[in-house]
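**Student:** The structure is given below, and queries will be raised subsequently.
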Amino acid sequence: MIPFSVLDLAPIIQGATAAQSFANTLDLARHAERWGYKRYWLAEHHNMPGIASAATAVVIGHVAAGTSTIRVGSGGVMLPNHAPLVIAEQFGTLESLYPGRIDLGLGRAPGTDMMTARALRRDMADSSDRFPQDVVELQMYFEEAEPNQRIRAVPGAGLKVPLWLLGSSLFSAQLAAMLGLPFAFASHFAPDMLMEALAIYRARFEPSATLAKPHAMVAVNLFAADSEAEARRIQSSAQQQFANLRRGTPGKLPPPIDDIETYWQHPGEKAMVERALGSVAAVGTPDQVAARLSEIIAATQADELILAGQIFDHAARLRSFQIGAEVRERLGT
């Protein structure tokens with residue numbers, strides 16, 4: 001059976017703080033390690049009241065320090081926000097502290113609104129257009145330093161931290177294929193180009209020193225519970241939060257509601273949220289989740305699934321990911 005991994009957006013729930021979010025993140029990571037998940041990834045977002053992982057490398061260190069075997073990484077670092085050397089130093093430090101356990105997933109979006117992106121980058125000129133060159137530069141910093149190399153990552157040089165490219169369109173699929181890197185598609189919120197991106201990635205893949213054949217990861221929203229009604233209910237927090245974001249009023253993750261139909265402002269809003277969050281999702285009981293994940297794996301031929309779940313109640317979030325792990329065991333037998 002293919003590996004399952006966890007994507008944690010480190011949700012800050014209504015009435016709580018980032019400190020509580022980080023405590024819950026570490027608790028979930030420890031459970032995920034025991035349940036057999038392969039990776040635990042955190043995502044870079046900025047100026048988002050409901051997401052605590054803006055300083056992604058710092059949170060990765062927090063999780064890696066509190067676990068023992070699970071791989072920990074970024075899903076992803078938004079490389080245009082940073083100088084490649086800075087990221088090489090950060091992840092070289094993490095790899096030195098937690099050898100053999102660090103992943104560096106890279107995205108080319110800002111992970112925020114344009115005003116905040118300007119505050120992060122200062123110079124917006126060609127920042128995303130430089131993404132291919134920045135990826136190659138970052139790769140170079142993880143190679144063994146040449147004798148007369150003037151600029152090197154310390155730590156970082158020679159550590160060969162695994163790089164992944166992340167995307168929600170075709171651009172990163174093509175670049176990952178060209179560079180021979182593993183590829184993860186953000187189908188948990190932008191599913192429209194999933195199948196086309198996977199086809200392009202596999203068709204154009206060029207073997208590299210780090211990867212002999214394509215390795216594609218598909219992101220899936222998971223809302224699992226012991227009853228379908230409870231699974232639908234816990235899903236409503238993510239649906240509300242996404243709708244609020246599209247309304248221009250981002251906020252902390254709200255508590256679930258019994259009838260999500262009462263929340264929509266118009267039918268188009270419902271359709272937009274359902275398409276974004278529900279197209280590549282497994283929602284329901286263990287049996288329903290098993291059937292849906294089997295369908296997704298068969299349709300995408302994914303080499304790995306990464307499961308996301310913005311769930312208000314921490315105990316319910318733990319139970320959802322526990323069911324995900326149990327389903328993987330069932331599918332593997």
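Following the order of the structure tokens, chains are lettered A, B, ..., residues in each are numbered from 1, and ligands are numbered from 1.
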Residues near stretch 159-162 of chain A, anyone? I mean within 6 Å using only C-alpha atoms, not counting same-chain ones fewer than 5 positions away, as a PDB file with N, CA and C atoms, in the first residue's frame.

**Tutor:**
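So the final result, stored in around.pdb, reads:
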ATOM      1  N   ASP A 103      12.239  17.134   5.013  1.00  0.00           N
ATOM      2  CA  ASP A 103      11.840  17.341   3.616  1.00  0.00           C
ATOM      3  C   ASP A 103      11.680  18.832   3.370  1.00  0.00           C
ATOM      4  N   PHE A 142      22.928  22.639  -1.481  1.00  0.00           N
ATOM      5  CA  PHE A 142      22.920  21.380  -0.742  1.00  0.00           C
ATOM      6  C   PHE A 142      23.933  20.373  -1.293  1.00  0.00           C
ATOM      7  N   GLU A 143      24.588  20.719  -2.392  1.00  0.00           N
ATOM      8  CA  GLU A 143      25.647  19.866  -2.919  1.00  0.00           C
ATOM      9  C   GLU A 143      26.952  20.122  -2.163  1.00  0.00           C
TER      10      GLU A 143
END

**Student:** Find the residues around stretch 184-187 of chain A up to 6 Å (only C-alpha atoms counted), leave out those fewer than 3 positions away in its own chain, and share them as an NGL selection string.

**Tutor:** :A and (166-168 or 190-191 or 216-219)

**Student:** Next, dump the selected residues to file, keeping only all heavy atoms, as an mmCIF file, in the first residue's frame.

**Tutor:**
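The result, stored in again_16.cif:
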data_model
loop_
_atom_site.group_PDB
_atom_site.id
_atom_site.type_symbol
_atom_site.label_atom_id
_atom_site.label_comp_id
_atom_site.auth_asym_id
_atom_site.auth_seq_id
_atom_site.Cartn_x
_atom_site.Cartn_y
_atom_site.Cartn_z
ATOM 1 N N LEU A 166 5.872 21.693 -5.270
ATOM 2 C CA LEU A 166 4.444 21.690 -5.005
ATOM 3 C C LEU A 166 3.759 22.586 -6.013
ATOM 4 O O LEU A 166 4.340 23.583 -6.466
ATOM 5 C CB LEU A 166 4.156 22.219 -3.599
ATOM 6 C CG LEU A 166 4.392 21.291 -2.401
ATOM 7 C CD1 LEU A 166 5.775 20.685 -2.374
ATOM 8 C CD2 LEU A 166 4.119 22.036 -1.107
ATOM 9 N N GLY A 167 2.519 22.267 -6.353
ATOM 10 C CA GLY A 167 1.827 23.116 -7.308
ATOM 11 C C GLY A 167 0.336 22.877 -7.314
ATOM 12 O O GLY A 167 -0.156 21.852 -6.844
ATOM 13 N N SER A 168 -0.380 23.858 -7.877
ATOM 14 C CA SER A 168 -1.823 23.740 -8.090
ATOM 15 C C SER A 168 -2.169 24.010 -9.553
ATOM 16 O O SER A 168 -3.330 24.186 -9.891
ATOM 17 C CB SER A 168 -2.575 24.720 -7.184
ATOM 18 O OG SER A 168 -2.145 26.053 -7.414
ATOM 19 N N ALA A 190 -7.324 23.131 -4.683
ATOM 20 C CA ALA A 190 -7.309 23.567 -6.088
ATOM 21 C C ALA A 190 -7.241 22.329 -6.986
ATOM 22 O O ALA A 190 -6.205 22.049 -7.588
ATOM 23 C CB ALA A 190 -6.122 24.490 -6.345
ATOM 24 N N PRO A 191 -8.338 21.578 -7.089
ATOM 25 C CA PRO A 191 -8.275 20.274 -7.749
ATOM 26 C C PRO A 191 -8.391 20.293 -9.262
ATOM 27 O O PRO A 191 -8.193 19.255 -9.896
ATOM 28 C CB PRO A 191 -9.493 19.556 -7.152
ATOM 29 C CG PRO A 191 -10.475 20.659 -6.901
ATOM 30 C CD PRO A 191 -9.655 21.849 -6.475
ATOM 31 N N ALA A 216 4.661 10.981 -7.413
ATOM 32 C CA ALA A 216 3.605 11.985 -7.331
ATOM 33 C C ALA A 216 2.796 11.801 -6.054
ATOM 34 O O ALA A 216 2.316 10.706 -5.753
ATOM 35 C CB ALA A 216 2.677 11.884 -8.545
ATOM 36 N N MET A 217 2.642 12.885 -5.331
ATOM 37 C CA MET A 217 1.838 12.910 -4.111
ATOM 38 C C MET A 217 0.568 13.715 -4.380
ATOM 39 O O MET A 217 0.619 14.790 -4.979
ATOM 40 C CB MET A 217 2.631 13.541 -2.962
ATOM 41 C CG MET A 217 1.853 13.688 -1.656
ATOM 42 S SD MET A 217 2.747 14.719 -0.469
ATOM 43 C CE MET A 217 3.987 13.557 0.106
ATOM 44 N N VAL A 218 -0.565 13.207 -3.919
ATOM 45 C CA VAL A 218 -1.855 13.863 -4.108
ATOM 46 C C VAL A 218 -2.404 14.259 -2.739
ATOM 47 O O VAL A 218 -2.459 13.424 -1.823
ATOM 48 C CB VAL A 218 -2.837 12.931 -4.840
ATOM 49 C CG1 VAL A 218 -4.237 13.532 -4.868
ATOM 50 C CG2 VAL A 218 -2.336 12.662 -6.262
ATOM 51 N N ALA A 219 -2.817 15.521 -2.609
ATOM 52 C CA ALA A 219 -3.369 16.016 -1.351
ATOM 53 C C ALA A 219 -4.875 15.781 -1.313
ATOM 54 O O ALA A 219 -5.591 16.085 -2.273
ATOM 55 C CB ALA A 219 -3.067 17.500 -1.180
#

**Student:** Which residues are near A:Trp264? Cut-off 12 Å, only C-alpha atoms, ignore same chain within fewer than 2 positions. Put them as a ChimeraX atom specification.

**Tutor:** /A:236,239-244,246-247,259-262,266-274

**Student:** From the set A:Lys252, A:Glu137, A:Phe205, A:Thr116, which residue has the shortest atom-to-atom contact distance to A:Asn47, counting only C-alpha atoms?

**Tutor:** A:Thr116

**Student:** Calculated over only C-alpha atoms, which of the candidates A:Val327, A:Leu170, A:Leu28, A:Leu120 has the smallest distance to A:His82?

**Tutor:**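 The shortest atom-to-atom distance to A:His82 comes from A:Leu120.
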
**Student:** Find the spatial neighbours of A:Val72, counting only C-alpha atoms, within a cut-off of 10 Å - ignore same-chain residues fewer than 2 positions away - and output them as a ChimeraX atom specification.

**Tutor:** /A:5-6,29,38-42,59-65,67,69-70,74-75,94,98,100-104

**Student:** Just asking: which residues within stretch 32-85 of chain A are strand (DSSP E) according to DSSP, as a PyMOL selection string?

**Tutor:** chain A and resi 39-42+71-78

**Student:** Check stretch 48-274 of chain A with DSSP on the backbone and list each residue it calls alpha helix (DSSP H), as a PyMOL selection string.

**Tutor:** chain A and resi 56-66+84-97+114-121+131-141+171-179+194-204+228-246+267-274

**Student:** Which residue is closest to A:Pro250? Choose from A:Ala157, A:Ala43, A:Ala209, A:Ile51 and count only C-alpha atoms.

**Tutor:**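 Among the listed residues, A:Ile51 lies closest to A:Pro250.
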
**Student:** List the spatial neighbours of A:Gln133 as an MDAnalysis selection string - criterion: any atom at most 12 Å away, only C-alpha atoms, same-chain residues fewer than 6 positions off excluded.

**Tutor:** chainID A and resid 79:80 83:84 108 126:127 139:140 175 179

**Student:** May I have the residues within 12 Å of A:Gln14 as a ChimeraX atom specification, using only C-alpha atoms and disregarding those fewer than 5 positions away in the same chain?

**Tutor:** /A:20-21,49-51,237,241,250-256,311-313

**Student:** Counting only C-alpha atoms, which of A:Ile323, A:Ala117, A:Met193, A:Leu211 gets nearest to A:Ser279?

**Tutor:** A:Met193

**Student:** Just to confirm, what's the straight-line distance from atom CA of A:Ala224 to atom CA of A:Gly284 in Å (one decimal)?

**Tutor:** 5.1 Å

**Student:** When you draw a straight line from atom CA of A:Pro11 to atom CA of A:Phe321, how long is it in Å?

**Tutor:**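 These two atoms are separated by 15.0 Å.
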